[in-house]
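Engineer: Below is the file upload.cif, with mmCIF, N, CA and C atoms.
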data_protein
#
loop_
_atom_site.label_atom_id
_atom_site.label_comp_id
_atom_site.auth_asym_id
_atom_site.auth_seq_id
_atom_site.Cartn_x
_atom_site.Cartn_y
_atom_site.Cartn_z
N MET D 1 116.09 109.98 122.79
CA MET D 1 117.00 110.30 123.85
C MET D 1 117.03 111.81 123.98
N GLY D 2 117.09 112.30 125.22
CA GLY D 2 117.13 113.73 125.43
C GLY D 2 117.01 114.11 126.88
N ILE D 3 116.52 115.32 127.12
CA ILE D 3 116.37 115.83 128.47
C ILE D 3 114.96 116.41 128.64
N CYS D 4 114.53 116.50 129.90
CA CYS D 4 113.24 117.13 130.18
C CYS D 4 113.28 117.70 131.59
N ARG D 5 112.33 118.56 131.87
CA ARG D 5 112.20 119.15 133.20
C ARG D 5 111.58 118.15 134.16
N LYS D 6 111.89 118.32 135.41
CA LYS D 6 111.29 117.52 136.47
C LYS D 6 109.77 117.70 136.41
N GLY D 7 109.05 116.64 136.63
CA GLY D 7 107.60 116.71 136.64
C GLY D 7 106.94 116.30 135.34
N VAL D 8 107.73 116.06 134.30
CA VAL D 8 107.15 115.61 133.03
C VAL D 8 106.67 114.17 133.19
N ASN D 9 105.50 113.86 132.66
CA ASN D 9 104.92 112.53 132.74
C ASN D 9 105.82 111.53 132.00
N THR D 10 106.39 110.60 132.74
CA THR D 10 107.29 109.62 132.13
C THR D 10 106.55 108.49 131.42
N GLU D 11 105.22 108.52 131.47
CA GLU D 11 104.43 107.52 130.77
C GLU D 11 104.20 107.91 129.31
N GLN D 12 104.66 109.08 128.90
CA GLN D 12 104.54 109.52 127.51
C GLN D 12 105.93 109.94 127.03
N ALA D 13 106.07 110.12 125.75
CA ALA D 13 107.35 110.55 125.20
C ALA D 13 107.63 111.97 125.67
N PHE D 14 108.71 112.16 126.42
CA PHE D 14 108.99 113.46 127.02
C PHE D 14 109.22 114.56 125.99
N CYS D 15 109.65 114.21 124.80
CA CYS D 15 109.90 115.25 123.78
C CYS D 15 108.62 115.68 123.08
N ASP D 16 107.48 115.07 123.43
CA ASP D 16 106.19 115.49 122.88
C ASP D 16 105.66 116.73 123.59
N VAL D 17 106.25 117.09 124.71
CA VAL D 17 105.79 118.24 125.49
C VAL D 17 106.82 119.37 125.41
N ASN D 18 106.40 120.58 125.76
CA ASN D 18 107.28 121.74 125.65
C ASN D 18 108.45 121.73 126.62
N ASP D 19 108.40 120.89 127.65
CA ASP D 19 109.50 120.81 128.61
C ASP D 19 110.51 119.72 128.26
N GLY D 20 110.40 119.12 127.09
CA GLY D 20 111.33 118.07 126.68
C GLY D 20 112.03 118.41 125.38
N TYR D 21 113.29 118.03 125.30
CA TYR D 21 114.12 118.25 124.11
C TYR D 21 114.80 116.93 123.79
N GLY D 22 114.64 116.45 122.57
CA GLY D 22 115.23 115.16 122.27
C GLY D 22 115.53 114.94 120.81
N ILE D 23 116.09 113.77 120.56
CA ILE D 23 116.36 113.31 119.21
C ILE D 23 115.69 111.94 119.08
N TYR D 24 115.02 111.72 117.96
CA TYR D 24 114.30 110.47 117.75
C TYR D 24 114.46 110.06 116.29
N ASN D 25 115.11 108.94 116.07
CA ASN D 25 115.31 108.43 114.70
C ASN D 25 115.90 109.46 113.75
N GLY D 26 116.88 110.23 114.24
CA GLY D 26 117.56 111.20 113.38
C GLY D 26 116.80 112.51 113.18
N GLN D 27 115.80 112.77 114.04
CA GLN D 27 115.03 114.01 113.96
C GLN D 27 115.00 114.69 115.33
N LEU D 28 115.02 116.02 115.33
CA LEU D 28 114.88 116.78 116.57
C LEU D 28 113.41 116.81 116.96
N ARG D 29 113.13 116.62 118.24
CA ARG D 29 111.76 116.64 118.72
C ARG D 29 111.67 117.52 119.97
N HIS D 30 110.76 118.49 119.92
CA HIS D 30 110.49 119.37 121.06
C HIS D 30 109.05 119.85 120.94
N GLY D 31 108.22 119.43 121.86
CA GLY D 31 106.83 119.86 121.87
C GLY D 31 106.01 119.33 120.71
N SER D 32 106.43 118.18 120.15
CA SER D 32 105.71 117.65 119.00
C SER D 32 105.87 116.14 118.94
N ASN D 33 104.80 115.45 118.57
CA ASN D 33 104.90 114.00 118.38
C ASN D 33 104.91 113.63 116.90
N SER D 34 105.04 114.64 116.05
CA SER D 34 105.13 114.37 114.61
C SER D 34 106.59 114.47 114.19
N SER D 35 106.85 114.55 112.92
CA SER D 35 108.22 114.60 112.46
C SER D 35 108.88 115.92 112.84
N GLY D 36 110.20 115.89 112.92
CA GLY D 36 110.97 117.08 113.29
C GLY D 36 112.08 117.32 112.29
N GLN D 37 112.85 118.37 112.55
CA GLN D 37 113.98 118.73 111.69
C GLN D 37 115.02 117.61 111.70
N LYS D 38 115.56 117.30 110.53
CA LYS D 38 116.60 116.26 110.42
C LYS D 38 117.83 116.70 111.20
N TYR D 39 118.42 115.75 111.92
CA TYR D 39 119.61 116.01 112.73
C TYR D 39 120.44 114.75 112.75
N GLY D 40 121.58 114.78 112.11
CA GLY D 40 122.43 113.60 112.05
C GLY D 40 121.77 112.49 111.25
N SER D 41 122.02 111.27 111.65
CA SER D 41 121.41 110.13 110.99
C SER D 41 120.83 109.20 112.03
N LYS D 42 119.93 108.35 111.59
CA LYS D 42 119.26 107.42 112.50
C LYS D 42 120.29 106.46 113.09
N PRO D 43 120.33 106.35 114.42
CA PRO D 43 121.27 105.40 115.03
C PRO D 43 120.91 103.96 114.69
N VAL D 44 121.91 103.12 114.71
CA VAL D 44 121.71 101.69 114.47
C VAL D 44 122.17 100.91 115.69
N VAL D 45 121.78 99.67 115.77
CA VAL D 45 122.16 98.81 116.89
C VAL D 45 123.68 98.83 117.05
N GLY D 46 124.12 99.06 118.27
CA GLY D 46 125.55 99.08 118.57
C GLY D 46 126.12 100.49 118.65
N ASP D 47 125.41 101.50 118.13
CA ASP D 47 125.87 102.88 118.24
C ASP D 47 125.84 103.32 119.71
N ILE D 48 126.74 104.21 120.04
CA ILE D 48 126.74 104.83 121.36
C ILE D 48 126.39 106.29 121.16
N VAL D 49 125.25 106.70 121.73
CA VAL D 49 124.76 108.07 121.60
C VAL D 49 124.99 108.79 122.92
N GLY D 50 125.60 109.98 122.85
CA GLY D 50 125.87 110.77 124.04
C GLY D 50 125.12 112.08 124.03
N LEU D 51 124.88 112.62 125.22
CA LEU D 51 124.23 113.93 125.39
C LEU D 51 125.26 114.88 125.97
N LEU D 52 125.28 116.09 125.45
CA LEU D 52 126.17 117.12 125.97
C LEU D 52 125.29 118.32 126.33
N VAL D 53 125.14 118.59 127.62
CA VAL D 53 124.28 119.67 128.09
C VAL D 53 125.17 120.78 128.64
N ASP D 54 125.02 121.98 128.11
CA ASP D 54 125.77 123.15 128.55
C ASP D 54 124.78 124.15 129.14
N THR D 55 124.64 124.16 130.46
CA THR D 55 123.67 125.04 131.10
C THR D 55 124.14 126.48 131.17
N GLU D 56 125.41 126.75 130.95
CA GLU D 56 125.89 128.13 130.91
C GLU D 56 125.46 128.81 129.61
N ASN D 57 125.57 128.09 128.50
CA ASN D 57 125.22 128.65 127.20
C ASN D 57 123.83 128.24 126.72
N GLY D 58 123.17 127.34 127.45
CA GLY D 58 121.82 126.92 127.10
C GLY D 58 121.75 126.05 125.86
N THR D 59 122.72 125.15 125.71
CA THR D 59 122.73 124.30 124.52
C THR D 59 122.64 122.82 124.89
N LEU D 60 122.07 122.07 123.97
CA LEU D 60 122.02 120.62 124.05
C LEU D 60 122.53 120.08 122.73
N SER D 61 123.52 119.22 122.83
CA SER D 61 124.12 118.60 121.65
C SER D 61 124.15 117.10 121.86
N PHE D 62 124.35 116.38 120.79
CA PHE D 62 124.45 114.93 120.86
C PHE D 62 125.72 114.48 120.15
N SER D 63 126.18 113.29 120.53
CA SER D 63 127.30 112.67 119.81
C SER D 63 126.89 111.25 119.45
N ARG D 64 127.52 110.75 118.43
CA ARG D 64 127.26 109.38 117.99
C ARG D 64 128.60 108.70 117.79
N ASN D 65 128.84 107.65 118.54
CA ASN D 65 130.10 106.91 118.49
C ASN D 65 131.30 107.83 118.68
N GLY D 66 131.15 108.80 119.61
CA GLY D 66 132.25 109.69 119.96
C GLY D 66 132.40 110.92 119.09
N GLU D 67 131.61 111.04 118.04
CA GLU D 67 131.70 112.21 117.16
C GLU D 67 130.55 113.16 117.44
N GLU D 68 130.89 114.41 117.81
CA GLU D 68 129.85 115.39 118.09
C GLU D 68 129.09 115.73 116.82
N MET D 69 127.78 115.90 116.95
CA MET D 69 126.91 116.17 115.80
C MET D 69 126.49 117.63 115.72
N GLY D 70 127.01 118.47 116.61
CA GLY D 70 126.67 119.90 116.59
C GLY D 70 125.53 120.21 117.53
N VAL D 71 125.30 121.51 117.73
CA VAL D 71 124.25 121.96 118.64
C VAL D 71 122.87 121.63 118.06
N ALA D 72 122.08 120.95 118.85
CA ALA D 72 120.72 120.59 118.43
C ALA D 72 119.72 121.66 118.89
N TYR D 73 119.91 122.15 120.12
CA TYR D 73 119.01 123.15 120.70
C TYR D 73 119.83 124.22 121.40
N LYS D 74 119.38 125.46 121.30
CA LYS D 74 119.94 126.57 122.07
C LYS D 74 118.77 127.39 122.58
N THR D 75 118.60 127.41 123.91
CA THR D 75 117.47 128.09 124.52
C THR D 75 117.78 128.45 125.97
N ASP D 76 117.20 129.54 126.41
CA ASP D 76 117.37 129.92 127.81
C ASP D 76 116.74 128.91 128.76
N GLU D 77 115.79 128.11 128.29
CA GLU D 77 115.17 127.08 129.13
C GLU D 77 116.21 126.07 129.62
N ILE D 78 117.19 125.77 128.79
CA ILE D 78 118.23 124.81 129.17
C ILE D 78 119.14 125.44 130.23
N LYS D 79 119.31 126.75 130.20
CA LYS D 79 120.13 127.43 131.22
C LYS D 79 119.55 127.28 132.61
N LYS D 80 118.25 127.07 132.71
CA LYS D 80 117.57 126.95 134.00
C LYS D 80 117.87 125.61 134.68
N GLY D 81 118.41 124.67 133.92
CA GLY D 81 118.74 123.36 134.46
C GLY D 81 117.56 122.46 134.67
#
Please express the file's structure as structure tokens.
Structural biologist:
Amino acid sequence: MGICRKGVNTEQAFCDVNDGYGIYNGQLRHGSNSSGQKYGSKPVVGDIVGLLVDTENGTLSFSRNGEEMGVAYKTDEIKKG
């Protein structure tokens, strides 16, 4: 789950490219299809995962079952919307 820029090929995992930012099985993924930095814990069936995008500060955060997990990404690319 995450965000990507318009024009990213939706037939592949968007976080495998430099224009995508995401979380996958409890790991941060950006521009890579291999393992990433640990972030939170792996969601389980029934969890509700939320995205919090702040384009003023250029941050992307996630929540799990209503609890914020902290800033996952901070970059000027997110400020561009």
Engineer: Under the rule that all atoms listed in the file are counted, which of D:Lys6, D:Arg29, D:Lys74, D:Lys80 is the nearest residue to D:Leu60?
Structural biologist: D:Lys74
Engineer: Among chain D, which ones does DSSP assign to alpha helix (DSSP H) (computed from the backbone)? Answer as a list of chain:residue names.
Structural biologist: D:Asp76, D:Glu77, D:Ile78, D:Lys79
Engineer: Hey, can you check how far atom C of D:Val71 sits from atom CA of D:Gly40?
Structural biologist: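 Between atom C of D:Val71 and atom CA of D:Gly40 the gap works out to 10.0 Å.
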Engineer: Quick one: of D:Val53, D:Ile78, D:Cys4, D:Met69, who's nearest to D:Tyr21, counting only C-alpha atoms?
Structural biologist: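 For D:Tyr21, the nearest of the given residues is D:Cys4.
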Engineer: For each of D:Asp19, D:Asn25, D:Ile3, D:Thr10, take the minimum atom-to-atom distance to D:Pro43, counting only N, CA and C atoms, then give the residue where this is smallest.
Structural biologist: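 Checking each candidate against D:Pro43, we get D:Asn25 as the closest.
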Engineer: My list of candidates is D:Asn65, D:Ser34, D:Gln27, D:Gln12. Which is closest to D:Ile48 when distances are computed with only C-alpha atoms?
Structural biologist: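 Nearest to D:Ile48: D:Asn65.
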Engineer: From chain D, collect each residue whose DSSP state is strand (DSSP E) and return the set as a PyMOL selection string.
Structural biologist: chain D and resi 2-4+20-24+27-29+49-54+59-64+67-74
Engineer: For D:Gly31, which residue among D:Gly50, D:Val44, D:Val17, D:Gly70 is the nearest when counting all atoms listed in the file?
Structural biologist: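 Of all the options, D:Val17 lies closest to D:Gly31.
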Engineer: Starting from the displayed file, determine the output of the PyMOL selection byres (((chain D and resi 26 and name CA) around 12) and name CA) and express the residue list as a list in words.
Structural biologist: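 So the PyMOL selection byres (((chain D and resi 26 and name CA) around 12) and name CA) ends up selecting Met1, Gly22, Ile23, Tyr24, Asn25, Gln27, Leu28, Arg29, Ser35, Gly36, Gln37, Lys38, Tyr39, Gly40, Ser41, Lys42, Pro43, Val44, Val49, Phe62, Ser63, Arg64, Met69 and Ala72 of chain D.
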Engineer: Residues of the last selection are to be written out with N, CA and C atoms, as a short mmCIF file (atom, residue, chain, number, x, y, z; two decimals), in the frame of the given file.
Structural biologist:
data_model
loop_
_atom_site.label_atom_id
_atom_site.label_comp_id
_atom_site.auth_asym_id
_atom_site.auth_seq_id
_atom_site.Cartn_x
_atom_site.Cartn_y
_atom_site.Cartn_z
N MET D 1 116.09 109.98 122.79
CA MET D 1 117.00 110.30 123.85
C MET D 1 117.03 111.81 123.98
N GLY D 22 114.64 116.45 122.57
CA GLY D 22 115.23 115.16 122.27
C GLY D 22 115.53 114.94 120.81
N ILE D 23 116.09 113.77 120.56
CA ILE D 23 116.36 113.31 119.21
C ILE D 23 115.69 111.94 119.08
N TYR D 24 115.02 111.72 117.96
CA TYR D 24 114.30 110.47 117.75
C TYR D 24 114.46 110.06 116.29
N ASN D 25 115.11 108.94 116.07
CA ASN D 25 115.31 108.43 114.70
C ASN D 25 115.90 109.46 113.75
N GLN D 27 115.80 112.77 114.04
CA GLN D 27 115.03 114.01 113.96
C GLN D 27 115.00 114.69 115.33
N LEU D 28 115.02 116.02 115.33
CA LEU D 28 114.88 116.78 116.57
C LEU D 28 113.41 116.81 116.96
N ARG D 29 113.13 116.62 118.24
CA ARG D 29 111.76 116.64 118.72
C ARG D 29 111.67 117.52 119.97
N SER D 35 106.85 114.55 112.92
CA SER D 35 108.22 114.60 112.46
C SER D 35 108.88 115.92 112.84
N GLY D 36 110.20 115.89 112.92
CA GLY D 36 110.97 117.08 113.29
C GLY D 36 112.08 117.32 112.29
N GLN D 37 112.85 118.37 112.55
CA GLN D 37 113.98 118.73 111.69
C GLN D 37 115.02 117.61 111.70
N LYS D 38 115.56 117.30 110.53
CA LYS D 38 116.60 116.26 110.42
C LYS D 38 117.83 116.70 111.20
N TYR D 39 118.42 115.75 111.92
CA TYR D 39 119.61 116.01 112.73
C TYR D 39 120.44 114.75 112.75
N GLY D 40 121.58 114.78 112.11
CA GLY D 40 122.43 113.60 112.05
C GLY D 40 121.77 112.49 111.25
N SER D 41 122.02 111.27 111.65
CA SER D 41 121.41 110.13 110.99
C SER D 41 120.83 109.20 112.03
N LYS D 42 119.93 108.35 111.59
CA LYS D 42 119.26 107.42 112.50
C LYS D 42 120.29 106.46 113.09
N PRO D 43 120.33 106.35 114.42
CA PRO D 43 121.27 105.40 115.03
C PRO D 43 120.91 103.96 114.69
N VAL D 44 121.91 103.12 114.71
CA VAL D 44 121.71 101.69 114.47
C VAL D 44 122.17 100.91 115.69
N VAL D 49 125.25 106.70 121.73
CA VAL D 49 124.76 108.07 121.60
C VAL D 49 124.99 108.79 122.92
N PHE D 62 124.35 116.38 120.79
CA PHE D 62 124.45 114.93 120.86
C PHE D 62 125.72 114.48 120.15
N SER D 63 126.18 113.29 120.53
CA SER D 63 127.30 112.67 119.81
C SER D 63 126.89 111.25 119.45
N ARG D 64 127.52 110.75 118.43
CA ARG D 64 127.26 109.38 117.99
C ARG D 64 128.60 108.70 117.79
N MET D 69 127.78 115.90 116.95
CA MET D 69 126.91 116.17 115.80
C MET D 69 126.49 117.63 115.72
N ALA D 72 122.08 120.95 118.85
CA ALA D 72 120.72 120.59 118.43
C ALA D 72 119.72 121.66 118.89
#
Engineer: Work out how far atom CA of D:Asn9 is from atom CA of D:Asn57, in Å to one decimal.
Structural biologist: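 Result for atom CA of D:Asn57 versus atom CA of D:Asn9: 26.5 Å, one decimal.
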Engineer: For atom N of D:Asp16 and atom N of D:Ser32, quote the distance in Å rounded to one decimal.
Structural biologist: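 These two atoms are separated by 4.6 Å.
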Engineer: Using only the atoms of stretch 16-22 of chain D listed in the file, plus 8 Å on each side, state the axis-aligned box centre and edge lengths in Å rounded to one decimal, as AutoDock Vina command-line options.
Structural biologist:
--center_x 110.6 --center_y 118.3 --center_z 124.7 --size_x 25.9 --size_y 22.8 --size_z 23.8
Engineer: So, counting only C-alpha atoms, which residue among D:Asn18, D:Glu68, D:Lys79, D:Tyr73 is closest to D:Thr55?
Structural biologist: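 Checking each of D:Asn18, D:Glu68, D:Lys79, D:Tyr73 against D:Thr55, counting only C-alpha atoms, the winner is D:Lys79.
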